[in-house]
$ cat coords_4.tsv   # TSV, C-alpha atoms
chain	number	residue	atom	x	y	z
A	1	MET	CA	110.37	28.79	-80.50
A	2	ARG	CA	109.76	26.69	-77.39
A	3	VAL	CA	111.53	28.25	-74.40
A	4	LEU	CA	112.24	27.06	-70.88
A	5	GLY	CA	112.03	29.92	-68.40
A	6	ILE	CA	113.67	29.97	-64.96
A	7	GLU	CA	112.94	32.52	-62.21
A	8	SER	CA	114.74	32.85	-58.84
A	9	SER	CA	114.95	36.58	-58.16
A	10	CYS	CA	113.61	36.49	-54.59
A	11	ASP	CA	111.77	33.77	-52.68
A	12	GLU	CA	110.01	31.75	-55.37
A	13	THR	CA	111.76	29.10	-57.43
A	14	ALA	CA	109.88	28.82	-60.71
A	15	ALA	CA	110.14	27.20	-64.12
A	16	ALA	CA	107.84	27.25	-67.15
A	17	VAL	CA	107.74	26.24	-70.79
A	18	TYR	CA	106.25	28.61	-73.36
A	19	ASP	CA	105.70	27.94	-77.06
A	20	ARG	CA	104.79	30.68	-79.55
A	21	SER	CA	102.26	28.41	-81.31
A	22	ALA	CA	100.95	26.33	-78.43
A	23	GLY	CA	101.10	28.98	-75.70
A	24	LEU	CA	101.98	28.30	-72.08
A	25	LEU	CA	102.62	24.57	-71.69
A	26	SER	CA	103.60	24.49	-68.01
A	27	SER	CA	104.23	26.75	-65.03
A	28	VAL	CA	105.61	25.50	-61.72
A	29	VAL	CA	106.28	27.68	-58.66
A	30	SER	CA	107.83	26.57	-55.37
A	31	SER	CA	107.08	29.11	-52.64
A	32	GLN	CA	109.28	29.83	-49.62
A	33	VAL	CA	106.62	31.59	-47.52
A	34	ALA	CA	106.75	28.88	-44.83
A	35	VAL	CA	110.53	29.32	-44.54
A	36	HIS	CA	110.56	33.10	-44.18
A	37	GLY	CA	107.29	33.56	-42.28
A	38	ALA	CA	108.95	33.04	-38.90
A	39	TYR	CA	111.31	35.95	-39.60
A	40	GLY	CA	108.69	38.44	-40.81
A	41	GLY	CA	110.30	38.80	-44.23
A	42	VAL	CA	112.69	37.27	-46.74
A	43	VAL	CA	116.09	36.22	-45.36
A	44	PRO	CA	118.46	36.35	-48.37
A	45	GLU	CA	120.77	33.54	-47.26
A	46	LEU	CA	117.86	31.21	-46.55
A	47	ALA	CA	116.29	32.12	-49.89
A	48	SER	CA	119.47	31.14	-51.75
A	49	ARG	CA	119.65	27.78	-49.99
A	50	GLU	CA	116.02	27.01	-50.76
A	51	HIS	CA	116.60	27.81	-54.43
A	52	LEU	CA	119.51	25.35	-54.45
A	53	LYS	CA	117.19	22.64	-53.12
A	54	SER	CA	114.29	23.43	-55.44
A	55	VAL	CA	115.66	24.48	-58.82
A	56	LEU	CA	116.30	21.00	-60.23
A	57	PRO	CA	112.96	19.39	-59.22
A	58	VAL	CA	111.03	22.50	-60.28
A	59	VAL	CA	112.63	22.52	-63.74
A	60	GLU	CA	112.13	18.77	-64.11
A	61	ARG	CA	108.44	19.16	-63.21
A	62	ALA	CA	107.96	21.99	-65.71
A	63	LEU	CA	109.51	19.92	-68.48
A	64	LEU	CA	107.42	16.88	-67.54
A	65	ASP	CA	104.19	18.90	-67.46
A	66	ALA	CA	105.03	20.31	-70.88
A	67	SER	CA	105.93	16.87	-72.26
A	68	SER	CA	109.21	18.43	-73.39
A	69	GLY	CA	112.65	16.91	-73.15
A	70	PRO	CA	115.85	18.81	-74.00
A	71	ASP	CA	115.42	18.11	-77.72
A	72	ALA	CA	112.04	19.89	-77.71
A	73	ILE	CA	113.46	23.05	-76.11
A	74	ASP	CA	114.78	25.70	-78.50
A	75	GLY	CA	116.14	28.15	-75.95
A	76	ILE	CA	116.44	29.03	-72.27
A	77	ALA	CA	115.48	32.27	-70.56
A	78	VAL	CA	116.47	33.11	-67.00
A	79	THR	CA	115.97	36.11	-64.74
A	80	ALA	CA	119.27	37.98	-64.47
A	81	GLY	CA	118.00	40.83	-62.27
A	82	PRO	CA	117.03	42.85	-60.43
A	83	GLY	CA	116.68	40.91	-57.22
A	84	LEU	CA	118.66	39.24	-54.45
A	85	ILE	CA	122.08	38.44	-55.89
A	86	GLY	CA	122.44	35.09	-54.13
A	87	SER	CA	119.01	33.97	-55.30
A	88	LEU	CA	119.56	35.19	-58.84
A	89	LEU	CA	122.90	33.39	-59.14
A	90	VAL	CA	121.31	30.02	-58.37
A	91	GLY	CA	118.89	30.26	-61.29
A	92	LEU	CA	121.44	31.95	-63.55
A	93	CYS	CA	124.16	29.34	-63.01
A	94	PHE	CA	121.67	26.53	-63.47
A	95	ALA	CA	120.38	28.04	-66.72
A	96	LYS	CA	123.92	28.59	-68.02
A	97	SER	CA	124.75	24.95	-67.30
A	98	LEU	CA	121.67	23.75	-69.20
A	99	SER	CA	122.46	26.08	-72.08
A	100	PHE	CA	125.97	24.67	-72.33
A	101	ALA	CA	124.97	21.01	-71.87
A	102	TRP	CA	122.00	21.17	-74.24
A	103	GLU	CA	123.68	23.54	-76.71
A	104	LYS	CA	120.72	25.92	-76.60
A	105	PRO	CA	120.80	29.74	-76.80
A	106	LEU	CA	120.40	31.66	-73.55
A	107	PHE	CA	118.64	34.95	-72.80
A	108	GLY	CA	119.01	36.91	-69.56
A	109	ALA	CA	115.61	38.44	-68.82
A	110	ASP	CA	114.98	41.53	-66.75
A	111	HIS	CA	112.55	40.72	-63.93
A	112	LEU	CA	110.66	44.02	-64.22
A	113	GLU	CA	110.39	43.78	-67.98
A	114	SER	CA	109.04	40.24	-67.63
A	115	HIS	CA	106.29	41.51	-65.32
A	116	ILE	CA	105.44	44.32	-67.74
A	117	TYR	CA	104.75	41.85	-70.58
A	118	ALA	CA	103.13	39.08	-68.47
A	119	VAL	CA	99.68	40.28	-69.56
A	120	PHE	CA	100.30	38.85	-73.06
A	121	LEU	CA	100.09	35.33	-71.67
A	122	GLU	CA	96.34	35.80	-71.36
A	123	HIS	CA	95.27	38.99	-73.19
A	124	ARG	CA	95.71	40.73	-76.49
A	125	VAL	CA	96.87	44.28	-75.72
A	126	GLU	CA	97.76	46.91	-78.29
A	127	PHE	CA	100.96	48.93	-78.07
A	128	PRO	CA	101.57	51.45	-76.68
A	129	TYR	CA	100.27	51.10	-73.13
A	130	VAL	CA	101.17	52.41	-69.69
A	131	ALA	CA	102.21	49.73	-67.19
A	132	LEU	CA	101.89	50.08	-63.44
A	133	LEU	CA	104.29	47.65	-61.79
A	134	VAL	CA	103.66	47.20	-58.07
A	135	SER	CA	105.46	44.66	-55.91
A	136	GLY	CA	107.33	44.25	-52.67
A	137	GLY	CA	110.46	45.83	-54.09
A	138	HIS	CA	109.21	48.07	-56.89
A	139	THR	CA	106.50	50.60	-57.60
A	140	SER	CA	106.96	52.17	-61.02
A	141	LEU	CA	105.13	53.45	-64.10
A	142	PHE	CA	106.35	52.67	-67.62
A	143	ARG	CA	105.46	53.61	-71.15
A	144	VAL	CA	105.59	50.42	-73.23
A	145	GLY	CA	105.86	51.08	-76.97
A	146	GLY	CA	106.60	47.53	-78.11
A	147	TRP	CA	108.79	44.54	-77.34
A	148	GLY	CA	111.98	45.98	-75.90
A	149	GLU	CA	110.61	49.54	-75.99
A	150	VAL	CA	110.15	50.43	-72.34
A	151	ARG	CA	110.61	53.87	-70.79
A	152	GLN	CA	110.17	54.57	-67.10
A	153	LEU	CA	107.84	57.47	-66.33
A	154	GLY	CA	108.13	57.44	-62.55
A	155	GLY	CA	108.74	55.38	-59.48
A	156	THR	CA	108.69	55.36	-55.70
A	157	LEU	CA	110.94	57.85	-53.93
A	158	ASP	CA	111.19	55.65	-50.84
A	159	ASP	CA	109.20	52.47	-50.10
A	160	ALA	CA	107.47	50.19	-52.58
A	161	ALA	CA	103.74	49.62	-52.11
A	162	GLY	CA	104.25	45.94	-51.28
A	163	GLU	CA	106.84	46.82	-48.67
A	164	ALA	CA	104.40	49.30	-47.11
A	165	PHE	CA	101.74	46.58	-46.91
A	166	ASP	CA	104.14	44.09	-45.32
A	167	LYS	CA	105.44	46.56	-42.73
A	168	ALA	CA	101.93	47.75	-41.93
A	169	ALA	CA	100.84	44.16	-41.29
A	170	LYS	CA	103.81	43.69	-38.98
A	171	MET	CA	102.83	46.83	-37.03
A	172	MET	CA	99.33	45.41	-36.64
A	173	GLY	CA	100.70	42.12	-35.33
A	174	PHE	CA	100.26	39.95	-38.43
A	175	GLY	CA	102.70	37.69	-40.19
A	176	TYR	CA	104.44	37.65	-43.54
A	177	PRO	CA	103.44	38.21	-46.31
A	178	GLY	CA	101.35	41.06	-44.95
A	179	GLY	CA	99.69	42.24	-48.14
A	180	VAL	CA	97.54	39.12	-48.37
A	181	VAL	CA	96.42	39.49	-44.74
A	182	ILE	CA	95.52	43.18	-45.14
A	183	ASP	CA	93.59	42.44	-48.33
A	184	ARG	CA	91.55	39.78	-46.55
A	185	LEU	CA	90.87	41.86	-43.43
A	186	ALA	CA	89.98	44.95	-45.46
A	187	ARG	CA	87.00	43.18	-47.03
A	188	GLY	CA	85.26	43.36	-43.66
A	189	GLY	CA	86.25	46.96	-42.90
A	190	ASP	CA	85.26	50.53	-43.75
A	191	PRO	CA	87.82	52.14	-46.10
A	192	ALA	CA	86.58	55.63	-45.18
A	193	ARG	CA	86.71	55.13	-41.40
A	194	TYR	CA	90.19	56.63	-40.92
A	195	ALA	CA	91.75	59.35	-43.09
A	196	PHE	CA	95.32	58.18	-43.64
A	197	PRO	CA	97.47	60.59	-45.71
A	198	ARG	CA	97.95	60.37	-49.47
A	199	ALA	CA	101.31	61.57	-50.79
A	200	ARG	CA	100.22	63.25	-54.03
A	201	LEU	CA	103.49	65.04	-54.78
A	202	LYS	CA	103.10	67.35	-57.80
A	203	SER	CA	99.99	66.90	-59.93
A	204	ASP	CA	102.04	66.08	-63.03
A	205	SER	CA	104.43	63.73	-61.23
A	206	ALA	CA	104.48	59.99	-61.87
A	207	ASP	CA	106.40	59.36	-58.64
A	208	PHE	CA	105.16	57.74	-55.45
A	209	SER	CA	105.94	57.97	-51.73
A	210	PHE	CA	104.67	55.66	-49.00
A	211	SER	CA	107.06	56.25	-46.08
A	212	GLY	CA	104.87	59.01	-44.59
A	213	LEU	CA	101.85	56.71	-44.72
A	214	LYS	CA	103.69	54.07	-42.71
A	215	THR	CA	104.68	56.67	-40.11
A	216	ALA	CA	101.07	57.86	-39.89
A	217	LEU	CA	99.91	54.28	-39.27
A	218	ARG	CA	102.48	53.74	-36.53
A	219	THR	CA	101.45	56.98	-34.82
A	220	PHE	CA	97.77	56.07	-35.10
A	221	LEU	CA	98.22	52.58	-33.68
A	222	ALA	CA	100.05	54.03	-30.66
A	223	SER	CA	97.21	56.45	-29.93
A	224	PRO	CA	94.17	55.73	-27.71
A	225	GLU	CA	91.94	55.88	-30.81
A	226	GLY	CA	94.14	53.37	-32.61
A	227	ALA	CA	94.22	51.00	-29.66
A	228	ALA	CA	90.40	50.87	-29.64
A	229	ALA	CA	89.96	50.68	-33.42
A	230	ARG	CA	88.55	47.69	-35.28
A	231	ILE	CA	91.50	46.15	-37.06
A	232	GLU	CA	89.37	45.53	-40.16
A	233	ASP	CA	88.65	49.27	-40.44
A	234	VAL	CA	92.33	50.11	-39.98
A	235	ALA	CA	93.34	47.61	-42.69
A	236	ALA	CA	90.67	48.86	-45.10
A	237	SER	CA	91.56	52.54	-44.55
A	238	PHE	CA	95.30	51.91	-44.90
A	239	GLN	CA	94.78	49.83	-48.04
A	240	GLU	CA	92.54	52.50	-49.56
A	241	ALA	CA	95.24	55.14	-49.08
A	242	ILE	CA	97.73	53.06	-51.08
A	243	VAL	CA	95.27	51.93	-53.75
A	244	GLU	CA	93.90	55.42	-54.37
A	245	VAL	CA	97.36	56.86	-54.99
A	246	LEU	CA	98.41	53.95	-57.22
A	247	VAL	CA	95.33	54.16	-59.43
A	248	GLU	CA	95.15	57.95	-59.68
A	249	LYS	CA	98.84	58.22	-60.52
A	250	ALA	CA	98.55	55.48	-63.16
A	251	ILE	CA	95.45	57.00	-64.78
A	252	GLY	CA	97.08	60.44	-64.75
A	253	ALA	CA	100.26	59.14	-66.37
A	254	ALA	CA	98.31	57.40	-69.13
A	255	GLN	CA	96.30	60.54	-69.80
A	256	ARG	CA	99.43	62.70	-70.01
A	257	GLU	CA	100.95	60.20	-72.45
A	258	GLY	CA	97.74	60.23	-74.49
A	259	ILE	CA	97.45	56.44	-74.18
A	260	PRO	CA	94.02	54.92	-73.42
A	261	ARG	CA	95.44	51.59	-72.22
A	262	LEU	CA	96.67	50.68	-68.74
A	263	VAL	CA	98.20	47.36	-67.67
A	264	LEU	CA	98.75	46.33	-64.05
A	265	SER	CA	101.54	43.93	-63.09
A	266	GLY	CA	103.56	42.71	-60.12
A	267	GLY	CA	102.56	40.94	-56.93
A	268	VAL	CA	100.53	43.79	-55.45
A	269	SER	CA	98.33	43.88	-58.56
A	270	ALA	CA	96.76	40.69	-57.15
A	271	ASN	CA	95.18	42.89	-54.44
A	272	SER	CA	91.40	42.70	-54.83
A	273	ARG	CA	90.72	46.37	-54.03
A	274	LEU	CA	93.41	47.59	-56.43
A	275	ARG	CA	91.99	45.46	-59.23
A	276	ALA	CA	88.44	46.68	-58.60
A	277	ARG	CA	89.33	50.36	-58.31
A	278	ALA	CA	91.55	50.25	-61.41
A	279	ARG	CA	88.68	48.83	-63.45
A	280	GLU	CA	86.22	51.38	-62.04
A	281	ARG	CA	88.44	54.42	-62.63
A	282	GLY	CA	89.59	53.11	-65.98
A	283	ALA	CA	86.01	52.74	-67.19
A	284	ALA	CA	85.15	56.25	-65.97
A	285	ALA	CA	88.17	57.65	-67.81
A	286	GLY	CA	87.41	55.72	-71.01
A	287	MET	CA	90.53	53.65	-70.57
A	288	GLU	CA	91.12	49.96	-71.30
A	289	VAL	CA	92.51	48.28	-68.18
A	290	SER	CA	94.13	44.85	-68.47
A	291	LEU	CA	95.16	42.68	-65.54
A	292	PRO	CA	96.94	39.31	-65.54
A	293	SER	CA	95.35	36.58	-63.43
A	294	ARG	CA	96.60	36.54	-59.84
A	295	ALA	CA	98.92	33.59	-60.51
A	296	LEU	CA	100.72	35.65	-63.15
A	297	CYS	CA	100.94	38.76	-60.97
A	298	THR	CA	103.25	37.18	-58.43
A	299	ASP	CA	106.75	36.01	-59.37
A	300	ASN	CA	106.64	33.21	-61.93
A	301	ALA	CA	108.68	31.79	-64.80
A	302	ALA	CA	105.89	31.92	-67.39
A	303	MET	CA	106.53	35.63	-67.93
A	304	VAL	CA	110.28	34.95	-68.20
A	305	ALA	CA	109.73	32.24	-70.81
A	306	LEU	CA	107.38	34.52	-72.79
A	307	LEU	CA	109.85	37.41	-72.88
A	308	GLY	CA	112.68	35.00	-73.66
A	309	GLU	CA	110.77	33.53	-76.60
A	310	ARG	CA	110.18	36.98	-78.08
A	311	ARG	CA	113.78	38.11	-77.67
A	312	LEU	CA	115.43	34.84	-78.72
A	313	SER	CA	113.17	34.72	-81.80
A	314	ALA	CA	114.46	38.19	-82.66
A	315	GLY	CA	118.04	36.99	-82.41
A	316	VAL	CA	118.83	38.55	-79.02
A	317	VAL	CA	121.14	36.11	-77.24
A	318	SER	CA	123.13	36.48	-74.00
A	319	GLY	CA	126.73	35.39	-73.89
A	320	PRO	CA	128.60	33.33	-71.29
A	321	ASP	CA	129.54	36.55	-69.48
A	322	LEU	CA	125.91	37.14	-68.47
A	323	ASN	CA	125.86	38.08	-64.79
A	324	ALA	CA	123.27	38.85	-62.13
A	325	TYR	CA	122.45	42.43	-61.08
A	326	ALA	CA	120.65	43.64	-57.98
A	327	ALA	CA	119.29	47.07	-58.93
A	328	SER	CA	116.85	48.08	-61.65
A	329	ARG	CA	118.42	49.13	-64.95
A	330	PHE	CA	115.50	51.38	-65.83
A	331	SER	CA	115.85	55.12	-65.33
A	332	ARG	CA	114.02	58.21	-66.46
$ encode --input "coords_4.tsv" --output "structure tokens"
Amino acid sequence: MRVLGIESSCDETAAAVYDRSAGLLSSVVSSQVAVHGAYGGVVPELASREHLKSVLPVVERALLDASSGPDAIDGIAVTAGPGLIGSLLVGLCFAKSLSFAWEKPLFGADHLESHIYAVFLEHRVEFPYVALLVSGGHTSLFRVGGWGEVRQLGGTLDDAAGEAFDKAAKMMGFGYPGGVVIDRLARGGDPARYAFPRARLKSDSADFSFSGLKTALRTFLASPEGAAARIEDVAASFQEAIVEVLVEKAIGAAQREGIPRLVLSGGVSANSRLRARARERGAAAGMEVSLPSRALCTDNAAMVALLGERRLSAGVVSGPDLNAYAASRFSR
């Protein structure tokens, strides 16, 4: 099948066309960073309005880049959740309208599940594998046994890793999105200079916690030592505390599951230190580590189109009652 994918779960309006035989034919993303930067984070109402402005031209561009008119499209996939309800409804209503007008089947994709399978756009990975999904809103570990066979192993008990990065950057006086700034600054810093805490929890736990780390950073920055510290060293040490926990928890979960394959996904998996450490620790543990390219780590519609093609080909179709949902549907 050839599927048009539409993504609008947060602050990127995206569309893509994926074909089982020809692969990814187009992928267009319209970012809202410039809109939300002045506020230090995503403003839901502004995000919804930007999606309304962008969804039609983004979809038109994706179809043009793929040289595909409505007759060449066999189905439509759209992110139904989780995410910001107002943002999701823009993409969902638009996709429903196209489905009705073009008389094409519709599939409501789960945003997290789309991230988990995004690696297949570029790599051949055997099932089963353990997926570490890290983003601004989610930090979770999954066992992936096949298409549609996903079981959550653990998740964050408080803040997501991406949220911790963004709030840390704000504490240090930097703008949004903070994760990119910290990644860049950390390259010129010493990751061992300051010993920020690592929330290990129990040794056999696949859960995460980053709220204590944020508190430790705030306390440090308010101290005389913190006021005199090189910001590059602070960024590198803070980043290392998050990365170390993410990688060790992921490797441990894969080992407990007896699976020698680990896949990273989500926006934070674009972090250069996380990618390097995952490869290093994976190699030491005899584990195959697969990472999507950075463009496929952040929110995009290519992953939505891919998942939609697989599910629509299997006869899984969403009805007209498909609705948006804000919270994750995965649970342990």
$ atom_distance --input "coords_4.tsv" --atom1 "CA of Val29 (chain A)" --atom2 "CA of Asp74 (chain A)"
21.7 Å
$ atom_distance --input "coords_4.tsv" --atom1 "CA of Asp158 (chain A)" --atom2 "CA of Leu132 (chain A)"
16.6 Å
$ residues_around --input "coords_4.tsv" --residues "region 248-261 of chain A" --least-positions-apart "3" --cutoff "12 Å" --atoms "all atoms listed in the file" --output "PDB file with C-alpha atoms, keeping the file's coordinate frame"
ATOM      1  CA  ARG A 124      95.710  40.730 -76.490  1.00  0.00           C
ATOM      2  CA  VAL A 125      96.870  44.280 -75.720  1.00  0.00           C
ATOM      3  CA  GLU A 126      97.760  46.910 -78.290  1.00  0.00           C
ATOM      4  CA  PHE A 127     100.960  48.930 -78.070  1.00  0.00           C
ATOM      5  CA  PRO A 128     101.570  51.450 -76.680  1.00  0.00           C
ATOM      6  CA  TYR A 129     100.270  51.100 -73.130  1.00  0.00           C
ATOM      7  CA  VAL A 130     101.170  52.410 -69.690  1.00  0.00           C
ATOM      8  CA  ALA A 131     102.210  49.730 -67.190  1.00  0.00           C
ATOM      9  CA  LEU A 132     101.890  50.080 -63.440  1.00  0.00           C
ATOM     10  CA  LEU A 133     104.290  47.650 -61.790  1.00  0.00           C
ATOM     11  CA  VAL A 134     103.660  47.200 -58.070  1.00  0.00           C
ATOM     12  CA  THR A 139     106.500  50.600 -57.600  1.00  0.00           C
ATOM     13  CA  SER A 140     106.960  52.170 -61.020  1.00  0.00           C
ATOM     14  CA  LEU A 141     105.130  53.450 -64.100  1.00  0.00           C
ATOM     15  CA  PHE A 142     106.350  52.670 -67.620  1.00  0.00           C
ATOM     16  CA  ARG A 143     105.460  53.610 -71.150  1.00  0.00           C
ATOM     17  CA  VAL A 144     105.590  50.420 -73.230  1.00  0.00           C
ATOM     18  CA  GLY A 145     105.860  51.080 -76.970  1.00  0.00           C
ATOM     19  CA  ARG A 151     110.610  53.870 -70.790  1.00  0.00           C
ATOM     20  CA  GLN A 152     110.170  54.570 -67.100  1.00  0.00           C
ATOM     21  CA  LEU A 153     107.840  57.470 -66.330  1.00  0.00           C
ATOM     22  CA  GLY A 154     108.130  57.440 -62.550  1.00  0.00           C
ATOM     23  CA  GLY A 155     108.740  55.380 -59.480  1.00  0.00           C
ATOM     24  CA  THR A 156     108.690  55.360 -55.700  1.00  0.00           C
ATOM     25  CA  ARG A 198      97.950  60.370 -49.470  1.00  0.00           C
ATOM     26  CA  ALA A 199     101.310  61.570 -50.790  1.00  0.00           C
ATOM     27  CA  ARG A 200     100.220  63.250 -54.030  1.00  0.00           C
ATOM     28  CA  LEU A 201     103.490  65.040 -54.780  1.00  0.00           C
ATOM     29  CA  LYS A 202     103.100  67.350 -57.800  1.00  0.00           C
ATOM     30  CA  SER A 203      99.990  66.900 -59.930  1.00  0.00           C
ATOM     31  CA  ASP A 204     102.040  66.080 -63.030  1.00  0.00           C
ATOM     32  CA  SER A 205     104.430  63.730 -61.230  1.00  0.00           C
ATOM     33  CA  ALA A 206     104.480  59.990 -61.870  1.00  0.00           C
ATOM     34  CA  ASP A 207     106.400  59.360 -58.640  1.00  0.00           C
ATOM     35  CA  PHE A 208     105.160  57.740 -55.450  1.00  0.00           C
ATOM     36  CA  SER A 209     105.940  57.970 -51.730  1.00  0.00           C
ATOM     37  CA  GLU A 240      92.540  52.500 -49.560  1.00  0.00           C
ATOM     38  CA  ALA A 241      95.240  55.140 -49.080  1.00  0.00           C
ATOM     39  CA  ILE A 242      97.730  53.060 -51.080  1.00  0.00           C
ATOM     40  CA  VAL A 243      95.270  51.930 -53.750  1.00  0.00           C
ATOM     41  CA  GLU A 244      93.900  55.420 -54.370  1.00  0.00           C
ATOM     42  CA  VAL A 245      97.360  56.860 -54.990  1.00  0.00           C
ATOM     43  CA  LEU A 264      98.750  46.330 -64.050  1.00  0.00           C
ATOM     44  CA  SER A 265     101.540  43.930 -63.090  1.00  0.00           C
ATOM     45  CA  LEU A 274      93.410  47.590 -56.430  1.00  0.00           C
ATOM     46  CA  ARG A 277      89.330  50.360 -58.310  1.00  0.00           C
ATOM     47  CA  ALA A 278      91.550  50.250 -61.410  1.00  0.00           C
ATOM     48  CA  ARG A 279      88.680  48.830 -63.450  1.00  0.00           C
ATOM     49  CA  GLU A 280      86.220  51.380 -62.040  1.00  0.00           C
ATOM     50  CA  ARG A 281      88.440  54.420 -62.630  1.00  0.00           C
ATOM     51  CA  GLY A 282      89.590  53.110 -65.980  1.00  0.00           C
ATOM     52  CA  ALA A 283      86.010  52.740 -67.190  1.00  0.00           C
ATOM     53  CA  ALA A 284      85.150  56.250 -65.970  1.00  0.00           C
ATOM     54  CA  ALA A 285      88.170  57.650 -67.810  1.00  0.00           C
ATOM     55  CA  GLY A 286      87.410  55.720 -71.010  1.00  0.00           C
ATOM     56  CA  MET A 287      90.530  53.650 -70.570  1.00  0.00           C
ATOM     57  CA  GLU A 288      91.120  49.960 -71.300  1.00  0.00           C
ATOM     58  CA  VAL A 289      92.510  48.280 -68.180  1.00  0.00           C
ATOM     59  CA  SER A 290      94.130  44.850 -68.470  1.00  0.00           C
ATOM     60  CA  LEU A 291      95.160  42.680 -65.540  1.00  0.00           C
TER      61      LEU A 291
END
$ axis_aligned_box --input "coords_4.tsv" --around "region 248-263 of chain A" --padding-each-side "3 Å" --output "AutoDock Vina command-line options"
--center_x 97.5 --center_y 55.0 --center_z -67.1 --size_x 12.9 --size_y 21.3 --size_z 20.8
$ closest_residue --input "coords_4.tsv" --among "A:Ala38, A:Leu4, A:Ala302, A:Ala161" --to "Trp102 (chain A)" --atoms "only C-alpha atoms"
A:Leu4
$ closest_residue --input "coords_4.tsv" --among "A:Ala222, A:Val150, A:Leu217, A:Val180" --to "His115 (chain A)" --atoms "only C-alpha atoms"
A:Val150
$ residues_around --input "coords_4.tsv" --residues "Arg49 (chain A)" --least-positions-apart "5" --cutoff "12 Å" --atoms "all atoms listed in the file" --output "list in words"
Ser8, Cys10, Asp11, Glu12, Thr13, Gln32, Val35, Val43, Pro44, Ser54, Val55, Gly86, Ser87, Leu88, Leu89, Val90 and Gly91 of chain A
$ residues_near_point --input "coords_4.tsv" --point "(115.2, 31.9, -64.0)" --cutoff "9 Å" --atoms "all atoms listed in the file" --output "PyMOL selection string"
chain A and resi 4-9+13-15+76-80+88+90-92+94-95+108-109+300-301+304-305
$ write_last_selection --input "coords_4.tsv" --atoms "C-alpha atoms" --output "PDB file, in the coordinates of the input"
ATOM      1  CA  LEU A   4     112.240  27.060 -70.880  1.00  0.00           C
ATOM      2  CA  GLY A   5     112.030  29.920 -68.400  1.00  0.00           C
ATOM      3  CA  ILE A   6     113.670  29.970 -64.960  1.00  0.00           C
ATOM      4  CA  GLU A   7     112.940  32.520 -62.210  1.00  0.00           C
ATOM      5  CA  SER A   8     114.740  32.850 -58.840  1.00  0.00           C
ATOM      6  CA  SER A   9     114.950  36.580 -58.160  1.00  0.00           C
ATOM      7  CA  THR A  13     111.760  29.100 -57.430  1.00  0.00           C
ATOM      8  CA  ALA A  14     109.880  28.820 -60.710  1.00  0.00           C
ATOM      9  CA  ALA A  15     110.140  27.200 -64.120  1.00  0.00           C
ATOM     10  CA  ILE A  76     116.440  29.030 -72.270  1.00  0.00           C
ATOM     11  CA  ALA A  77     115.480  32.270 -70.560  1.00  0.00           C
ATOM     12  CA  VAL A  78     116.470  33.110 -67.000  1.00  0.00           C
ATOM     13  CA  THR A  79     115.970  36.110 -64.740  1.00  0.00           C
ATOM     14  CA  ALA A  80     119.270  37.980 -64.470  1.00  0.00           C
ATOM     15  CA  LEU A  88     119.560  35.190 -58.840  1.00  0.00           C
ATOM     16  CA  VAL A  90     121.310  30.020 -58.370  1.00  0.00           C
ATOM     17  CA  GLY A  91     118.890  30.260 -61.290  1.00  0.00           C
ATOM     18  CA  LEU A  92     121.440  31.950 -63.550  1.00  0.00           C
ATOM     19  CA  PHE A  94     121.670  26.530 -63.470  1.00  0.00           C
ATOM     20  CA  ALA A  95     120.380  28.040 -66.720  1.00  0.00           C
ATOM     21  CA  GLY A 108     119.010  36.910 -69.560  1.00  0.00           C
ATOM     22  CA  ALA A 109     115.610  38.440 -68.820  1.00  0.00           C
ATOM     23  CA  ASN A 300     106.640  33.210 -61.930  1.00  0.00           C
ATOM     24  CA  ALA A 301     108.680  31.790 -64.800  1.00  0.00           C
ATOM     25  CA  VAL A 304     110.280  34.950 -68.200  1.00  0.00           C
ATOM     26  CA  ALA A 305     109.730  32.240 -70.810  1.00  0.00           C
TER      27      ALA A 305
END
$ atom_distance --input "coords_4.tsv" --atom1 "CA of Leu64 (chain A)" --atom2 "CA of Ala34 (chain A)"
25.7 Å
$ build_atoms --input "coords_4.tsv" --residues "region 127-134 of chain A" --atoms "N, CA and C atoms" --output "PDB file, in the coordinates of the input"
ATOM      1  N   PHE A 127      99.937  47.949 -78.440  1.00  0.00           N
ATOM      2  CA  PHE A 127     100.960  48.930 -78.070  1.00  0.00           C
ATOM      3  C   PHE A 127     100.535  50.275 -78.642  1.00  0.00           C
ATOM      4  N   PRO A 128     100.896  51.366 -77.975  1.00  0.00           N
ATOM      5  CA  PRO A 128     101.570  51.450 -76.680  1.00  0.00           C
ATOM      6  C   PRO A 128     100.569  51.336 -75.532  1.00  0.00           C
ATOM      7  N   TYR A 129     101.088  51.073 -74.340  1.00  0.00           N
ATOM      8  CA  TYR A 129     100.270  51.100 -73.130  1.00  0.00           C
ATOM      9  C   TYR A 129     101.129  51.590 -71.972  1.00  0.00           C
ATOM     10  N   VAL A 130     100.472  52.018 -70.919  1.00  0.00           N
ATOM     11  CA  VAL A 130     101.170  52.410 -69.690  1.00  0.00           C
ATOM     12  C   VAL A 130     101.059  51.240 -68.720  1.00  0.00           C
ATOM     13  N   ALA A 131     102.179  50.846 -68.129  1.00  0.00           N
ATOM     14  CA  ALA A 131     102.210  49.730 -67.190  1.00  0.00           C
ATOM     15  C   ALA A 131     102.494  50.236 -65.788  1.00  0.00           C
ATOM     16  N   LEU A 132     101.656  49.831 -64.855  1.00  0.00           N
ATOM     17  CA  LEU A 132     101.890  50.080 -63.440  1.00  0.00           C
ATOM     18  C   LEU A 132     102.426  48.791 -62.839  1.00  0.00           C
ATOM     19  N   LEU A 133     103.653  48.836 -62.379  1.00  0.00           N
ATOM     20  CA  LEU A 133     104.290  47.650 -61.790  1.00  0.00           C
ATOM     21  C   LEU A 133     104.381  47.880 -60.289  1.00  0.00           C
ATOM     22  N   VAL A 134     103.674  47.052 -59.524  1.00  0.00           N
ATOM     23  CA  VAL A 134     103.660  47.200 -58.070  1.00  0.00           C
ATOM     24  C   VAL A 134     103.998  45.871 -57.404  1.00  0.00           C
TER      25      VAL A 134
END
